[in-house]
Amino acid sequence: MTKYTFTEKKDTRSGFGVGLHELGKQNGDVVALCADLTGSLKMDAFKKDFPERFFQTGIAEANMIGLAAGMTIGGKIPFTGTFANFSTGRVYDQIRQSVAYSGKNVKICASHAGVTLGEDGATHQILEDIGMMKMLPGMTVIVPCDYSQTKAATIALGSHIGPAYLRFGRPSWPIFTADRPFVIGKADKMIEGKDVSIFACGHLVWQAIEAEVKLAAQGISAEVINIHTIKPIDVPAILESVQKTKCAVTCEEHQINGGLGESVAQVLSRFFPAPIEMVAVNDSFGESGTPAQLLKKYGLGPDNIVEAAQKAIQRKK
Amino acid sequence: MSTQPDLIQLKKLATQIRRDIVRMVHACQSGHPGGSLGCADYFVALYFHILKHNSKFSMDGKGEDLFFLSNGHISPVWYSTLARAGYFEVKELSSFRMLNTRLQGHPATHEHLPGIRVASGSLGQGLSVALGAAQTKKLNKDNQLIFVLMGDGEQQEGQVWEAAMYAAHNKMDNVIATIDYNGQQIDGPVDKVLSLLDLKAKWEAFGWIVNEFDGNKMEDVVKGLELAKSQSGKGKPVMNLMKTAMGAGVDFMMGSHKWHGVAPNDDELKSALSQLEETIGDY
């Protein structure tokens with residue numbers, strides 16, 4: 001029996017929209033910029049209630065990032081909104097020079113990340129963004145797992161100082177963290193276990209929770225830890241868990257190169273070498289399909305996590 | 001700053017800053033003297049006459065005019081100007097491009113050099129950042145102005161035109177942009193590399209007020225920037241196309257792209273300095 005249930009599903013981007021609106025009420029210095037995707041990013045409520053603090057940039061993402069960097073000069077806290085692909089790859093140099101290197105307090109908020117974007121296909125399904133963003137010195141990278149956590153992360157970013165990347169998505173997804181605290185950089189241990197540590201982020205946290213039920217049925221006790229903050233990564237939480245379980249599985253809707261798995265592997269190889277298996281997209285682009293079909297085809301479902309856990313446990317012996 | 005410019009003093013400053021530029025790039029045997037020399041008069045007119053600014057630097061710059069340099073490779077002229085304007089000690093100019101310096105090859109905030117508000121060097125980004133700062137000034141009901149300088153080769157970057165559209169659409173009339181229109185870029189004359197065609201018509205078509213002046217005549221620079229200032233607050237952003245000679249002030253460097261990013265050797269330094277009187281005192 002799962003320790004988590006849900007009665008409602010919502011998209012994580014709606015959590016961003018509600019969180020941003022809440023921040024708008026709390027802090028008059030919060031401003032929002034959007035490159036012609038106000039509805040998709042759920043920024044309408046902010047726009048409606050704080051029109052003087054909402055900036056439509058048109059389909060001009062490079063300019064949007066530059067504007068956001070400049071708006072910090074004089075004390076504003078800009079939140080930019082567009083799809084994850086256009087929030088990162090398209091504007092990498094702008095983020096690198098005008099935001100990260102310049103130490104600007106810009107929050108880059110990115111929706112429609114990963115294959116769960118679905119039917120639009122690979123042009124829009126970015127699977128490299130976590131890697132690109134975590135490589136930038138000083139950049140905080142957050143990948144919340146559901147509506148509630150995306151809302152909490154958005155609000156937390158309002159009082160966080162420094163450049164940050166917030167990654168969320170399009171599909172309707174179970175809500176299961178409504179009553180859990182969210183602290184940037186603090187991993188959330190969702191299920192205690194002793195045989196294998198499953199580290200997950202984003203939509204795959206729910207997949208990990210489903211996998212844990214299947215593993216329990218086989219007599220395997222899995223620990224499930226939500227690594228919502230990829231950078232700075234919670235080293236003590238990872239080590240504490242793997243020192244107990246002696247092996248790890250990572251789960252993410254991202255390339256196997258550059259994502260959560262690589263970050264966890266780095267921690268383990270440096271401080272506590274242990275078998276690690278990675279559930280991620282294996283060096284390929286996505287394609288059109290429904291989110292469920294794509295998660296299955298690209299090996300990101302609960303069964304893939306179960307298989308990876310079994311492999312990791314075997315490698316202990 | 002006084003309303004009547006002391007042109008003699010401004011010209012002296014420009015000559016001293018030109019000396020600083022060639023000495024700085026010679027000392028580290030790298031850097032970009034050509035565009036720096038060409039823009040010396042603009043920087044002097046801006047910092048010593050036009051800008052309402054506070055040399056006690058604050059990043060937020062509330063209540064003062066702000067300047068952004070988009071073509072960051074001409075950092076020598078900016079560093080020298082900032083030092084001469086009191087942002088930091090002139091002797092620090094000797095550390096330009098050296099290990100552990102605050103005077104990085106291209107301007108950066110990372111080492112906390114007073115006067116710099118954003119990194120630049122990768123071209124095409126400065127106008128967007130300047131517009132962001134201008135937008136915040138409007139939100140803060142701060143009536144001071146934003147100045148930004150770009151290169152003419154830089155006009156080949158697409159982001160410039162994204163920013164151009166945004167500025168006109170949003171009536172960013174607290175922004176005064178200037179293009180260093182020297183007609184040269186690394187690989188040769190701009191017209192040969194990728195022609196800008198009618199740059200004035202382009203900016204006008206993008207909804208900006210466009211002025212033209214000679215960027216190497218101090219009187220014209222002062223008048224040009226004063227005119228631009230008088231055009232602010234009228235619902236449109238202002239663009240100055242400022243004709244300069246790359247390498248202005250040093251005969252063998254003038255008018256050629258060859259000195260875009262090359263440092264003079266010892267003999268060339270001597271020749272350059274013999275053409276530039278030490279007016280205020282070397283660092």
# chains A, B, ... in the order shown; residues from 1 in each chain; ligands from 1
>>> interface_residues(of="chain A", to="chain B", cutoff="9 Å", atoms="only C-alpha atoms", output="PyMOL selection string")
chain A and resi 52-53+57-76+93-94+97-99+101-104
>>> residues_around(residues="Asp266 of chain B", least_positions_apart="2", cutoff="12 Å", atoms="only C-alpha atoms", output="ChimeraX atom specification")
/B:22-23,25-29,263-264,268-273
>>> write_last_selection(atoms="N, CA and C atoms", output="mmCIF file, in the first residue's frame")
data_model
loop_
_atom_site.group_PDB
_atom_site.id
_atom_site.type_symbol
_atom_site.label_atom_id
_atom_site.label_comp_id
_atom_site.auth_asym_id
_atom_site.auth_seq_id
_atom_site.Cartn_x
_atom_site.Cartn_y
_atom_site.Cartn_z
ATOM 1 N N VAL B 22 46.606 53.572 -24.516
ATOM 2 C CA VAL B 22 47.725 52.914 -25.207
ATOM 3 C C VAL B 22 48.718 52.341 -24.202
ATOM 4 N N ARG B 23 48.883 53.010 -23.057
ATOM 5 C CA ARG B 23 49.802 52.475 -22.039
ATOM 6 C C ARG B 23 49.235 51.180 -21.438
ATOM 7 N N VAL B 25 47.115 48.937 -22.821
ATOM 8 C CA VAL B 25 47.165 47.771 -23.720
ATOM 9 C C VAL B 25 48.614 47.373 -24.021
ATOM 10 N N HIS B 26 49.510 48.362 -24.002
ATOM 11 C CA HIS B 26 50.927 48.038 -24.202
ATOM 12 C C HIS B 26 51.451 47.207 -23.023
ATOM 13 N N ALA B 27 51.067 47.595 -21.811
ATOM 14 C CA ALA B 27 51.611 46.942 -20.619
ATOM 15 C C ALA B 27 51.267 45.451 -20.578
ATOM 16 N N CYS B 28 50.062 45.114 -20.998
ATOM 17 C CA CYS B 28 49.666 43.697 -20.935
ATOM 18 C C CYS B 28 49.752 43.038 -22.308
ATOM 19 N N GLN B 29 50.152 43.831 -23.309
ATOM 20 C CA GLN B 29 50.295 43.329 -24.685
ATOM 21 C C GLN B 29 49.021 42.613 -25.172
ATOM 22 N N ALA B 263 47.867 45.157 -29.601
ATOM 23 C CA ALA B 263 48.573 46.098 -28.735
ATOM 24 C C ALA B 263 49.814 46.628 -29.436
ATOM 25 N N PRO B 264 50.185 47.877 -29.175
ATOM 26 C CA PRO B 264 51.401 48.432 -29.772
ATOM 27 C C PRO B 264 52.655 47.837 -29.125
ATOM 28 N N GLU B 268 56.058 51.510 -31.147
ATOM 29 C CA GLU B 268 54.732 52.062 -31.478
ATOM 30 C C GLU B 268 54.154 52.833 -30.291
ATOM 31 N N LEU B 269 54.412 52.329 -29.090
ATOM 32 C CA LEU B 269 53.958 53.051 -27.895
ATOM 33 C C LEU B 269 54.608 54.429 -27.843
ATOM 34 N N LYS B 270 55.910 54.458 -28.075
ATOM 35 C CA LYS B 270 56.645 55.717 -28.032
ATOM 36 C C LYS B 270 56.057 56.694 -29.040
ATOM 37 N N SER B 271 55.830 56.196 -30.245
ATOM 38 C CA SER B 271 55.268 57.040 -31.298
ATOM 39 C C SER B 271 53.878 57.541 -30.911
ATOM 40 N N ALA B 272 53.058 56.645 -30.342
ATOM 41 C CA ALA B 272 51.698 57.035 -29.944
ATOM 42 C C ALA B 272 51.738 58.096 -28.852
ATOM 43 N N LEU B 273 52.573 57.882 -27.854
ATOM 44 C CA LEU B 273 52.610 58.824 -26.726
ATOM 45 C C LEU B 273 53.156 60.184 -27.154
#
>>> select_by_dssp(residues="segment 15-240 of chain B", states="strand (DSSP E)", output="mmCIF file with N, CA and C atoms, in the first residue's frame")
data_model
loop_
_atom_site.group_PDB
_atom_site.id
_atom_site.type_symbol
_atom_site.label_atom_id
_atom_site.label_comp_id
_atom_site.auth_asym_id
_atom_site.auth_seq_id
_atom_site.Cartn_x
_atom_site.Cartn_y
_atom_site.Cartn_z
ATOM 1 N N LEU B 66 22.562 56.305 -15.372
ATOM 2 C CA LEU B 66 23.382 55.095 -15.439
ATOM 3 C C LEU B 66 23.908 54.906 -16.860
ATOM 4 N N PHE B 67 25.117 54.354 -16.935
ATOM 5 C CA PHE B 67 25.703 54.072 -18.244
ATOM 6 C C PHE B 67 25.995 52.576 -18.375
ATOM 7 N N PHE B 68 25.691 52.017 -19.541
ATOM 8 C CA PHE B 68 26.006 50.618 -19.844
ATOM 9 C C PHE B 68 26.843 50.562 -21.120
ATOM 10 N N LEU B 69 27.885 49.747 -21.078
ATOM 11 C CA LEU B 69 28.730 49.540 -22.251
ATOM 12 C C LEU B 69 28.427 48.168 -22.825
ATOM 13 N N ILE B 146 19.091 56.592 -18.708
ATOM 14 C CA ILE B 146 19.966 55.454 -18.986
ATOM 15 C C ILE B 146 20.695 55.727 -20.303
ATOM 16 N N PHE B 147 22.023 55.616 -20.266
ATOM 17 C CA PHE B 147 22.844 55.757 -21.478
ATOM 18 C C PHE B 147 23.465 54.402 -21.786
ATOM 19 N N VAL B 148 23.575 54.113 -23.071
ATOM 20 C CA VAL B 148 24.196 52.846 -23.470
ATOM 21 C C VAL B 148 24.961 53.053 -24.768
ATOM 22 N N LEU B 149 26.126 52.444 -24.849
ATOM 23 C CA LEU B 149 26.953 52.510 -26.055
ATOM 24 C C LEU B 149 27.078 51.123 -26.672
ATOM 25 N N MET B 150 26.902 51.076 -27.989
ATOM 26 C CA MET B 150 27.088 49.825 -28.745
ATOM 27 C C MET B 150 28.097 50.058 -29.868
ATOM 28 N N GLY B 151 28.601 48.983 -30.427
ATOM 29 C CA GLY B 151 29.449 49.086 -31.608
ATOM 30 C C GLY B 151 28.609 49.009 -32.869
ATOM 31 N N VAL B 175 15.845 56.391 -22.317
ATOM 32 C CA VAL B 175 17.040 55.698 -22.806
ATOM 33 C C VAL B 175 17.681 56.505 -23.933
ATOM 34 N N ILE B 176 18.985 56.738 -23.795
ATOM 35 C CA ILE B 176 19.749 57.383 -24.870
ATOM 36 C C ILE B 176 20.862 56.434 -25.286
ATOM 37 N N ALA B 177 20.668 55.829 -26.436
ATOM 38 C CA ALA B 177 21.656 54.879 -26.946
ATOM 39 C C ALA B 177 22.568 55.572 -27.950
ATOM 40 N N THR B 178 23.770 55.065 -28.060
ATOM 41 C CA THR B 178 24.722 55.609 -29.031
ATOM 42 C C THR B 178 25.422 54.443 -29.709
ATOM 43 N N ILE B 179 25.633 54.578 -31.005
ATOM 44 C CA ILE B 179 26.417 53.573 -31.739
ATOM 45 C C ILE B 179 27.739 54.204 -32.154
ATOM 46 N N ASP B 180 28.829 53.521 -31.821
ATOM 47 C CA ASP B 180 30.146 53.945 -32.274
ATOM 48 C C ASP B 180 30.268 53.539 -33.739
ATOM 49 N N TYR B 181 30.004 54.505 -34.602
ATOM 50 C CA TYR B 181 29.861 54.220 -36.035
ATOM 51 C C TYR B 181 31.207 54.457 -36.718
ATOM 52 N N GLN B 184 34.282 49.860 -38.853
ATOM 53 C CA GLN B 184 35.285 48.798 -38.860
ATOM 54 C C GLN B 184 34.888 47.681 -37.909
ATOM 55 N N GLN B 185 35.226 46.464 -38.278
ATOM 56 C CA GLN B 185 35.106 45.352 -37.346
ATOM 57 C C GLN B 185 36.298 44.433 -37.534
ATOM 58 N N GLY B 188 37.436 43.371 -41.006
ATOM 59 C CA GLY B 188 37.556 44.386 -42.057
ATOM 60 C C GLY B 188 36.476 45.444 -41.947
ATOM 61 N N PRO B 189 36.296 46.253 -43.009
ATOM 62 C CA PRO B 189 35.237 47.268 -42.988
ATOM 63 C C PRO B 189 33.862 46.602 -42.843
ATOM 64 N N ILE B 209 14.026 58.019 -32.292
ATOM 65 C CA ILE B 209 14.544 59.319 -32.742
ATOM 66 C C ILE B 209 16.024 59.095 -33.046
ATOM 67 N N VAL B 210 16.481 59.487 -34.223
ATOM 68 C CA VAL B 210 17.876 59.220 -34.583
ATOM 69 C C VAL B 210 18.623 60.522 -34.855
ATOM 70 N N ASN B 211 19.738 60.690 -34.177
ATOM 71 C CA ASN B 211 20.623 61.846 -34.378
ATOM 72 C C ASN B 211 21.947 61.352 -34.946
ATOM 73 N N GLU B 212 22.669 62.273 -35.581
ATOM 74 C CA GLU B 212 24.015 61.940 -36.058
ATOM 75 C C GLU B 212 24.960 63.053 -35.619
ATOM 76 N N PHE B 213 26.132 62.662 -35.138
ATOM 77 C CA PHE B 213 27.154 63.684 -34.871
ATOM 78 C C PHE B 213 28.547 63.082 -34.973
ATOM 79 N N ASP B 214 29.516 63.969 -35.021
ATOM 80 C CA ASP B 214 30.920 63.566 -35.120
ATOM 81 C C ASP B 214 31.425 63.243 -33.710
ATOM 82 N N VAL B 238 15.918 57.306 -27.876
ATOM 83 C CA VAL B 238 16.791 58.143 -28.695
ATOM 84 C C VAL B 238 18.063 57.377 -29.065
ATOM 85 N N MET B 239 18.419 57.444 -30.345
ATOM 86 C CA MET B 239 19.630 56.798 -30.843
ATOM 87 C C MET B 239 20.564 57.829 -31.465
ATOM 88 N N ASN B 240 21.819 57.808 -31.057
ATOM 89 C CA ASN B 240 22.836 58.651 -31.686
ATOM 90 C C ASN B 240 23.737 57.789 -32.556
#
>>> residues_around(residues="Ser284 of chain A", least_positions_apart="2", cutoff="10 Å", atoms="only C-alpha atoms", output="PyMOL selection string")
chain A and resi 122+127+255-256+281-282+286-287+298
